[in-house]
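Student: Supplied structure: input_7.txt, compact mmCIF, C-alpha atoms.
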# COMPACT_ATOMS: atom_id res chain seq x y z
CA MET A 1 227.02 203.42 183.36
CA THR A 2 224.97 203.69 180.17
CA ARG A 3 226.32 205.94 177.42
CA ASP A 4 223.08 207.63 176.30
CA ALA A 5 219.80 207.92 178.18
CA LEU A 6 216.51 209.37 176.96
CA LEU A 7 214.46 211.16 179.61
CA LEU A 8 210.78 211.93 179.02
CA LEU A 9 209.44 214.68 181.29
CA GLY A 10 205.74 215.32 181.88
CA ARG A 11 203.13 216.50 184.33
CA ASP A 12 202.20 214.24 187.22
CA THR A 13 198.67 213.14 186.35
CA PRO A 14 197.30 209.61 185.87
CA HIS A 15 196.75 210.09 182.13
CA ALA A 16 200.17 211.64 181.64
CA ARG A 17 201.87 208.81 183.51
CA GLU A 18 200.11 206.21 181.38
CA THR A 19 200.84 208.11 178.16
CA LEU A 20 204.53 208.60 178.90
CA ALA A 21 204.89 204.99 180.01
CA THR A 22 203.53 203.82 176.65
CA HIS A 23 205.88 206.02 174.65
CA ALA A 24 208.84 205.08 176.85
CA GLN A 25 208.21 201.36 176.36
CA ARG A 26 207.95 201.74 172.57
CA LEU A 27 211.20 203.71 172.50
CA ARG A 28 212.94 201.05 174.58
CA GLU A 29 211.76 198.41 172.13
CA ARG A 30 213.10 200.50 169.25
CA GLY A 31 216.48 200.77 170.96
CA VAL A 32 216.76 204.53 170.48
CA ALA A 33 219.00 204.90 173.56
CA ASP A 34 220.81 202.71 176.06
CA ALA A 35 218.10 203.54 178.61
CA VAL A 36 214.74 205.30 178.51
CA HIS A 37 213.25 206.93 181.62
CA ALA A 38 210.01 208.81 182.35
CA ARG A 39 209.83 211.35 185.17
CA HIS A 40 206.93 213.52 186.30
CA TYR A 41 206.44 216.82 188.11
CA ASP A 42 203.47 218.69 189.49
CA HIS A 43 203.78 222.49 189.73
CA GLU A 44 207.40 222.96 190.80
CA PRO A 45 209.72 220.90 188.60
CA ARG A 46 212.87 221.56 190.58
CA ARG A 47 211.26 220.46 193.84
CA ASP A 48 209.18 217.62 192.40
CA LEU A 49 212.02 216.10 190.38
CA ARG A 50 214.58 216.33 193.16
CA GLY A 51 215.78 212.86 193.95
CA ARG A 52 214.09 211.38 190.88
CA LEU A 53 216.86 212.40 188.51
CA THR A 54 219.98 211.48 190.47
CA ALA A 55 219.31 207.77 189.93
CA ILE A 56 219.79 208.24 186.17
CA ASP A 57 223.28 206.94 185.45
CA ALA A 58 224.51 207.97 182.00
CA ASP A 59 227.26 209.84 180.21
CA ARG A 60 224.75 211.85 178.22
CA VAL A 61 221.06 212.50 178.87
CA PHE A 62 218.64 213.70 176.21
CA ALA A 63 215.73 215.31 178.05
CA VAL A 64 212.47 215.73 176.12
CA PRO A 65 209.65 217.84 177.60
CA MET A 66 206.51 215.91 176.68
CA THR A 67 204.46 218.98 175.91
CA THR A 68 203.32 220.41 172.61
CA ALA A 69 205.06 223.75 173.24
CA HIS A 70 207.22 225.52 175.77
CA THR A 71 205.71 227.00 178.92
CA ARG A 72 207.36 228.82 181.80
CA GLU A 73 207.78 225.42 183.45
CA THR A 74 209.78 224.04 180.54
CA THR A 75 211.88 227.16 179.99
CA VAL A 76 212.69 227.85 183.66
CA GLY A 77 211.67 225.11 186.11
CA VAL A 78 212.64 222.00 184.16
CA PRO A 79 216.09 223.29 183.07
CA ALA A 80 216.81 224.17 186.70
CA ALA A 81 215.78 220.66 187.78
CA LEU A 82 218.06 219.08 185.18
CA GLN A 83 221.07 220.63 186.88
CA ALA A 84 220.78 217.72 189.32
CA LEU A 85 222.30 215.50 186.61
CA THR A 86 225.80 216.57 187.58
CA ASP A 87 227.57 213.49 186.22
CA ALA A 88 226.04 213.65 182.74
CA THR A 89 226.07 215.98 179.79
CA VAL A 90 222.48 217.15 179.42
CA GLN A 91 221.01 217.80 175.99
CA TYR A 92 217.67 219.53 176.46
CA CYS A 93 215.39 218.95 173.49
CA GLU A 94 212.54 221.03 172.14
CA PRO A 95 208.95 220.03 172.97
CA ILE A 96 207.48 217.58 170.49
CA GLY A 97 204.54 219.65 169.26
CA ARG A 98 206.08 221.04 166.10
CA SER A 99 206.87 217.67 164.55
CA ASP A 100 205.28 216.86 161.21
CA ALA A 101 204.16 213.58 162.78
CA VAL A 102 201.84 215.54 165.08
CA THR A 103 199.83 216.71 162.06
CA ASP A 104 199.16 213.05 161.31
CA VAL A 105 198.03 212.47 164.89
CA ILE A 106 195.66 215.46 164.71
CA HIS A 107 194.17 214.14 161.48
CA ASP A 108 193.70 210.65 162.90
CA ARG A 109 192.12 211.95 166.12
CA ALA A 110 189.71 214.07 164.06
CA THR A 111 188.81 211.12 161.83
CA ASP A 112 188.16 208.87 164.82
CA ALA A 113 185.92 211.46 166.51
CA ALA A 114 183.61 212.24 163.61
CA ALA A 115 181.12 209.69 162.27
CA ASP A 116 181.06 211.45 158.91
CA ALA A 117 183.88 213.46 157.39
CA PRO A 118 183.42 217.01 158.73
CA SER A 119 184.08 220.00 156.50
CA ALA A 120 185.91 222.01 159.17
CA ILE A 121 188.43 221.41 161.93
CA GLY A 122 189.38 223.46 164.97
CA LEU A 123 192.60 223.13 166.95
CA VAL A 124 192.83 224.07 170.63
CA THR A 125 196.07 224.58 172.55
CA LEU A 126 196.76 225.80 176.05
CA GLY A 127 198.23 229.12 175.00
CA ALA A 128 199.93 231.67 177.24
CA SER A 129 199.42 235.39 177.68
CA SER A 130 203.15 236.16 177.44
CA LEU A 131 204.61 233.36 175.31
CA PRO A 132 203.95 232.71 171.61
CA TYR A 133 204.88 229.04 171.45
CA HIS A 134 201.45 227.38 171.62
CA ARG A 135 200.06 229.81 169.07
CA GLN A 136 202.96 229.05 166.74
CA VAL A 137 202.40 225.29 167.08
CA ALA A 138 198.68 225.62 166.38
CA GLU A 139 199.28 227.81 163.33
CA TYR A 140 201.96 225.45 162.04
CA HIS A 141 199.64 222.45 162.02
CA ALA A 142 196.71 224.52 160.75
CA ALA A 143 198.80 225.55 157.75
CA ARG A 144 199.79 221.94 157.06
CA LEU A 145 196.15 220.80 157.29
CA ARG A 146 195.12 223.53 154.85
CA GLU A 147 197.82 222.37 152.43
CA ARG A 148 196.41 218.85 152.55
CA GLY A 149 192.99 220.14 151.53
CA THR A 150 191.11 217.65 153.72
CA TYR A 151 188.99 220.40 155.30
CA ASP A 152 187.25 223.41 153.82
CA ASP A 153 188.03 225.44 156.92
CA VAL A 154 190.72 225.26 159.61
CA ALA A 155 190.77 227.50 162.70
CA THR A 156 192.84 227.73 165.87
CA SER A 157 192.05 228.79 169.42
CA HIS A 158 193.54 228.70 172.91
CA LEU A 159 192.54 228.37 176.53
CA VAL A 160 194.74 231.18 177.82
CA GLN A 161 195.22 233.36 174.75
CA ASN A 162 193.23 234.90 171.90
CA PRO A 163 191.49 233.72 169.83
CA ALA A 164 189.73 232.10 172.77
CA VAL A 165 188.13 228.67 172.73
CA GLU A 166 184.71 230.28 173.22
CA CYS A 167 185.07 231.95 169.82
CA LEU A 168 186.03 228.82 167.90
CA ARG A 169 182.46 227.79 167.09
CA TYR A 170 181.87 231.19 165.51
CA ASN A 171 185.25 231.43 163.78
CA LEU A 172 184.58 228.25 161.80
CA SER A 173 182.55 228.74 158.64
CA THR A 174 180.26 225.78 159.35
CA ASP A 175 178.75 223.90 162.28
CA ASP A 176 179.86 220.65 160.64
CA ALA A 177 183.17 220.60 162.47
CA VAL A 178 185.50 218.55 164.61
CA VAL A 179 187.71 220.01 167.34
CA VAL A 180 191.01 218.45 168.38
CA PRO A 181 192.68 219.41 171.68
CA VAL A 182 196.39 219.62 170.86
CA PHE A 183 197.55 218.32 174.25
CA VAL A 184 199.83 215.35 174.87
CA ALA A 185 197.65 213.81 177.60
CA ALA A 186 194.09 214.12 178.83
CA GLY A 187 193.45 216.23 181.90
CA ALA A 188 191.12 218.85 183.32
CA ALA A 189 191.71 221.10 180.32
CA THR A 190 190.70 218.49 177.75
CA ASP A 191 188.01 216.74 179.80
CA ARG A 192 186.26 219.76 181.33
CA ASP A 193 187.49 223.23 180.37
CA ILE A 194 187.49 222.94 176.59
CA PRO A 195 184.15 221.05 176.34
CA ASP A 196 182.50 223.61 178.64
CA ARG A 197 183.80 226.57 176.68
CA LEU A 198 182.82 225.01 173.36
CA ASP A 199 179.31 224.37 174.75
CA LEU A 200 179.37 220.91 173.19
CA ALA A 201 175.83 220.27 174.44
CA ARG A 202 174.59 222.55 171.65
CA GLY A 203 175.69 219.94 169.12
CA GLY A 204 177.23 220.49 165.72
CA ILE A 205 180.78 219.86 166.88
CA ALA A 206 182.52 216.52 167.26
CA TYR A 207 185.20 216.48 169.93
CA ALA A 208 188.35 214.41 169.60
CA ASP A 209 190.75 212.84 172.07
CA PRO A 210 194.12 214.51 172.78
CA LEU A 211 197.28 213.22 171.11
CA GLY A 212 197.84 210.61 173.81
CA ALA A 213 199.64 207.37 173.06
CA HIS A 214 199.28 207.54 169.28
CA PRO A 215 202.23 205.72 167.63
CA ARG A 216 203.05 208.73 165.47
CA LEU A 217 203.65 210.74 168.63
CA THR A 218 206.29 208.16 169.55
CA ASP A 219 207.79 208.84 166.12
CA ALA A 220 207.84 212.56 167.00
CA VAL A 221 209.86 211.84 170.15
CA GLU A 222 212.30 209.68 168.22
CA ALA A 223 212.73 212.39 165.57
CA THR A 224 213.35 215.01 168.26
CA LEU A 225 216.01 212.78 169.80
CA ALA A 226 217.69 212.21 166.43
CA GLN A 227 217.74 215.95 165.72
CA GLN A 228 219.24 216.76 169.11
CA ARG A 229 221.94 214.13 168.63
CA VAL A 230 223.06 216.01 165.52
CA LEU A 231 222.99 219.33 167.38
CA ALA A 232 224.94 217.80 170.25
CA ASP A 233 227.98 217.56 168.00
CA ARG A 234 228.15 221.36 167.96
CA ASP A 235 229.70 223.37 170.76
CA THR A 236 226.52 225.15 171.85
CA THR A 237 222.81 224.89 171.16
CA ALA A 238 219.96 227.03 172.40
CA ALA A 239 218.37 223.98 174.00
CA THR A 240 221.48 223.05 175.94
CA THR A 241 221.99 226.66 176.98
CA LEU A 242 218.66 226.59 178.81
CA THR A 243 220.07 224.10 181.29
CA ALA A 244 223.47 225.72 181.49
CA THR A 245 222.11 229.18 182.29
CA ALA A 246 219.14 228.20 184.47
CA PRO A 247 219.25 230.43 187.54
CA ALA A 248 219.87 228.95 190.95
CA PHE A 249 216.78 229.31 193.10
CA ALA A 250 216.99 230.81 196.60
CA THR A 251 214.51 228.54 198.33
CA ASP A 252 213.92 226.75 201.57
CA GLY A 253 214.84 223.50 199.89
CA ASP A 254 211.26 222.66 198.93
CA GLY A 255 210.80 225.17 196.18
CA ALA A 256 209.15 227.77 198.39
Here is a file; write its structure as structure tokens.

Tutor:
Amino acid sequence: MTRDALLLLGRDTPHARETLATHAQRLRERGVADAVHARHYDHEPRRDLRGRLTAIDADRVFAVPMTTAHTRETTVGVPAALQALTDATVQYCEPIGRSDAVTDVIHDRATDAAADAPSAIGLVTLGASSLPYHRQVAEYHAARLRERGTYDDVATSHLVQNPAVECLRYNLSTDDAVVVPVFVAAGAATDRDIPDRLDLARGGIAYADPLGAHPRLTDAVEATLAQQRVLADRDTTAATTLTATAPAFATDGDGA
């Protein structure tokens, strides 16, 4: 049995699998834990992860949701799924989006996307009608970008929350702008929904890749792990409580 294992958790899409595999391999090479695993779920984490977690043999598992901010999946479904790790102490980490390293990734993605240095940058997150977490992440990095003074204007927007992506073009003070989707991996949102809502065919806006496999995002995961290791020495943490208090689901065994 390994002492410590790091578990990366993400959505089950081809891009997400490739992205998590890259980060997992780097973290193995860095020796951040005795073992590093990546597991994926579709829409029902408890059902989709069933059987994929029991093979993890460790005294302590640090589980990192590979998202930029919490969603209902990561606050309810994933903690419930982690209860399958009955032989290990589970330390549930925060999503990686609020790491200072992510600001560096955003800057690099913007620089790569624009042929000339744009005077404005827009950030797009998923958002949620009832949860503030994506908005907080977007505003955090927007504030850090403003402090750096690289751009004359910085604005935020969201797919499922106001200010909406459709308004981003008009909320920026200039058409000379670059937009960065603050998503861990590419998917329908970054490849279709955001470009359509930005009406990129009109021109004037450069569009960047999501955070992806950028090395600084690996640094963000490592920093999250290091922080949770410190918190693990305390009796209780909010992150660990999520898994301890996750409600048992009354289902037919397949999440229905």

Student: Would you give the centre and edge lengths, in Å to one decimal, of a box along x, y and z around the listed atoms of region 18-22 of chain A, with 3 Å added to each side, as lines of an AutoDock Vina configuration file?

Tutor:
center_x = 202.5
center_y = 206.2
center_z = 179.0
size_x = 10.8
size_y = 10.8
size_z = 10.7

Student: What is the CA of Pro14 (chain A) to CA of Arg39 (chain A) distance in Å?

Tutor: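 Rounded to one decimal, the two atoms are 12.7 Å apart.
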
Student: So which residues fall inside 12 Å of (194.7, 226.6, 164.3) if we count all atoms listed in the file? Mind giving them as JSON, numbers by chain?

Tutor: {"A": [103, 106, 120, 121, 122, 123, 124, 125, 126, 127, 134, 135, 136, 137, 138, 139, 140, 141, 142, 143, 144, 145, 146, 153, 154, 155, 156, 157, 158, 162, 163, 164, 165, 168, 171, 172, 179, 180, 181, 182]}

Student: If you measure from CA of Val78 (chain A) to CA of Asp104 (chain A), what distance in Å do you get, rounded to one decimal?

Tutor: 28.0 Å

Student: Would you kindly return, as a PyMOL selection string, each protein, DNA or RNA residue with an atom no farther than 6 Å from any atom of Ala128 (chain A), considering all atoms listed in the file and excluding same-chain residues fewer than 2 positions away?

Tutor: chain A and resi 130-131+160-161

Student: Write the residues you've just listed into a file as a short mmCIF file (atom, residue, chain, number, x, y, z; two decimals), keeping the file's coordinate frame, and include C-alpha atoms for each of them.

Tutor:
data_model
loop_
_atom_site.label_atom_id
_atom_site.label_comp_id
_atom_site.auth_asym_id
_atom_site.auth_seq_id
_atom_site.Cartn_x
_atom_site.Cartn_y
_atom_site.Cartn_z
CA SER A 130 203.15 236.16 177.44
CA LEU A 131 204.61 233.36 175.31
CA VAL A 160 194.74 231.18 177.82
CA GLN A 161 195.22 233.36 174.75
#

Student: Contacts of Gly97 (chain A) at 8 Å or less, counting only C-alpha atoms, minus same-chain residues fewer than 6 places along, as a list in words?

Tutor: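 Residues near the query, excluding close chain neighbours: Thr67, Thr68, Ala69 and Val137 of chain A.
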
Student: For a cutoff of 8 Å around the file-coordinate point (219.8, 212.1, 175.5), which residues qualify once you count only C-alpha atoms? I'd like the result as a list in words.

Tutor: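 Here the neighbourhood of the point contains Asp4, Ala5, Leu6, Leu7, Ala33, Arg60, Val61, Phe62, Ala63, Val90, Gln91, Tyr92, Leu225, Gln228 and Arg229 of chain A.
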
Student: For each of A:His107, A:His70, A:His214, A:Arg202, take the minimum atom-to-atom distance to Tyr151 (chain A), counting all atoms listed in the file, then give the residue where this is smallest.

Tutor: A:His107

Student: Quick one: of A:Ile56, A:Leu9, A:Leu49, A:Ala185, who's nearest to Gly212 (chain A), counting only C-alpha atoms?

Tutor: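 Counting only C-alpha atoms, the residue closest to Gly212 (chain A) is A:Ala185.
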
Student: Would you compute the distance between CA of Asp191 (chain A) and CA of Arg98 (chain A)? Give it in Å to one decimal.

Tutor: 23.1 Å

Student: As a VMD selection string, please: the residues near Arg17 (chain A) (cut-off 9 Å, only C-alpha atoms, same-chain neighbours under 4 positions excluded).

Tutor: chain A and resid 10 to 13 21 to 22 38 to 40 185

Student: Which one of A:Asp199, A:Asp233, A:Asp57, A:Glu44 sits closest to Arg72 (chain A) if you count all atoms listed in the file?

Tutor: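 Among the listed residues, A:Glu44 lies closest to Arg72 (chain A).
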
Student: So which one's closest to Ala110 (chain A), A:Ala177, A:Leu20, A:Val36, A:Val221? Using all atoms listed in the file, please.

Tutor: A:Ala177

Student: Just checking: using all atoms listed in the file, which residue out of A:Leu159, A:Glu73, A:Thr2, A:Pro132 ends up closest to Ala55 (chain A)?

Tutor: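 Nearest candidate to Ala55 (chain A) out of A:Leu159, A:Glu73, A:Thr2, A:Pro132: A:Thr2.
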
Student: So, with all atoms listed in the file as the atoms that count, which of A:Asp108, A:Asp175, A:Glu94, A:Asp196 lies closest to Pro210 (chain A)?

Tutor: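 Among the listed residues, the smallest separation from Pro210 (chain A) belongs to A:Asp108.
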
Student: Got a sec: who's within 8 Å of Asp176 (chain A), counting all atoms listed in the file, leaving out chain neighbours fewer than 3 positions off, as a CSV table (one decimal) with C-alpha atoms, in the coordinates of the input?

Tutor:
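So the final result, stored in part36.csv, reads:
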chain,number,residue,atom,x,y,z
A,118,PRO,CA,183.4,217.0,158.7
A,119,SER,CA,184.1,220.0,156.5
A,120,ALA,CA,185.9,222.0,159.2
A,204,GLY,CA,177.2,220.5,165.7
A,205,ILE,CA,180.8,219.9,166.9
